[in-house]
Amino acid sequence: MYHTPTIKSSFFSRPARRTRFCLFARCSRPTLRGFTLLETTMVIAVIALLITLFLPSLFRSRAAALETRMLSNMRQLAIAFTTYADSHAGIMAAIFSPEFRIQGNPERVIMPDGQRGGGYWFSNTHTAWMLAAPDFTEEMLHAAGHPAHIRPRDRFIYSDFHLSEAFYASPAYWNMKTITGPKQWASQRLDAVAYPDRKAMLMPIENFLVSNFPNGTISCCRQGLPIAVAWSDLSASNIMGDAVLPGSPNPWHHLTHRGFPSWAGGTPLWSTKDGIFGRDR
């Protein structure tokens, strides 16, 4: 029996496409309706309202994350200083010698990175990390929100986290009744701290999360603003600026020859009254 072969569909077997010509008649086309000005305005207003409601919470969440990471880095740095002290008879790390100089800042000290650096005795508060934590990266030594425009272009030697100056002078220096001068300058023993959970070890010099163009605002000690602190017991937390105890003046501060600087007048946390025997909270 003969079967007619089936011819598969091909290009030539497809039905012809009907083309509609509208030369003499108006073709009916679907009408496209857009937003009215009122509707557009309402949509923009709703979006603006949502941004107003949720953007602050997003900023707070980001700031909280940055602060948490910063406190962790500060605690790790405090551990590094403690480890260094444990292997050096308990003495806090120091690069610069306890000299009082009022003229210039010559680069006559060989830094741990092999280059020459300048400084004075209390410069140890933000440079001694190079002895205790030489492997720390620049990011780990930046405070939360540290802006890129104030980062060094050549080499990084200064930490945003400063050690308390109380670790670089005897307790008698930090009391106006017993202070005599630079002869009382010396690295102090960390294991001699009387109140480890109340004596600050490290704190950031500036709070970059509180804008103060072009940089941040001084961390210590404004009412209503928190201060990140790594304590001598190796804990780290925030304390409100109006909750810290007053410090003791440092008349022989490195800029005294230019007039008595404001931060040498007894800054809390940095210049703890009675030094390592005193308390900051």
# chains A, B, ... in the order shown; residues from 1 in each chain; ligands from 1
$ residues_around --residues "Gln223 (chain A)" --least-positions-apart "3" --cutoff "9 Å" --atoms "only C-alpha atoms" --output "VMD selection string"
chain A and resid 226 240 to 243
$ write_last_selection --atoms "C-alpha atoms" --output "PDB file, in the first residue's frame"
ATOM      1  CA  PRO A 226      29.993  58.237  73.705  1.00  0.00           C
ATOM      2  CA  MET A 240      29.457  58.747  77.853  1.00  0.00           C
ATOM      3  CA  GLY A 241      31.602  61.858  77.844  1.00  0.00           C
ATOM      4  CA  ASP A 242      29.889  63.342  80.871  1.00  0.00           C
ATOM      5  CA  ALA A 243      30.474  60.155  82.925  1.00  0.00           C
TER       6      ALA A 243
END
$ select_by_dssp --residues "region 123-170 of chain A" --states "alpha helix (DSSP H)" --output "ChimeraX atom specification"
/A:124-127,129-132
$ closest_atom_pairs --of "region 216-250 of chain A" --to "region 175-192 of chain A" --cutoff "8 Å" --atoms "only C-alpha atoms" --output "CSV"
residue,atom,partner,partner_atom,distance
A:Ser232,CA,A:Leu190,CA,7.9
A:Ser248,CA,A:Asn175,CA,6.2
A:Pro249,CA,A:Met176,CA,7.5
$ closest_atom_pairs --of "region 155-241 of chain A" --to "region 62-78 of chain A" --cutoff "10 Å" --atoms "only C-alpha atoms" --output "tab-separated table"
residue	atom	partner	partner_atom	distance
A:Phe161	CA	A:Met74	CA	7.4
A:His162	CA	A:Met74	CA	9.9
A:Leu163	CA	A:Ala78	CA	9.0
A:Met201	CA	A:Ala78	CA	7.1
A:Leu202	CA	A:Met74	CA	7.0
A:Met203	CA	A:Met74	CA	7.8
A:Pro204	CA	A:Met74	CA	8.9
A:Leu209	CA	A:Ala63	CA	7.1
A:Ala228	CA	A:Leu71	CA	6.8
A:Val229	CA	A:Leu71	CA	7.6
A:Ala230	CA	A:Arg75	CA	5.8
A:Trp231	CA	A:Ala78	CA	7.9
A:Ser232	CA	A:Ala78	CA	7.6
A:Asp233	CA	A:Ala78	CA	9.0
A:Leu234	CA	A:Arg75	CA	6.1
A:Ser235	CA	A:Arg75	CA	6.4
A:Ala236	CA	A:Arg75	CA	5.9
A:Ser237	CA	A:Leu71	CA	6.8
A:Asn238	CA	A:Leu71	CA	8.5
$ closest_residue --among "A:Thr82, A:Thr127, A:Ser159, A:Thr272" --to "Tyr195 (chain A)" --atoms "only C-alpha atoms"
A:Thr272
$ closest_residue --among "A:Phe96, A:Phe277, A:Trp129, A:Tyr120" --to "Tyr84 (chain A)" --atoms "only C-alpha atoms"
A:Trp129
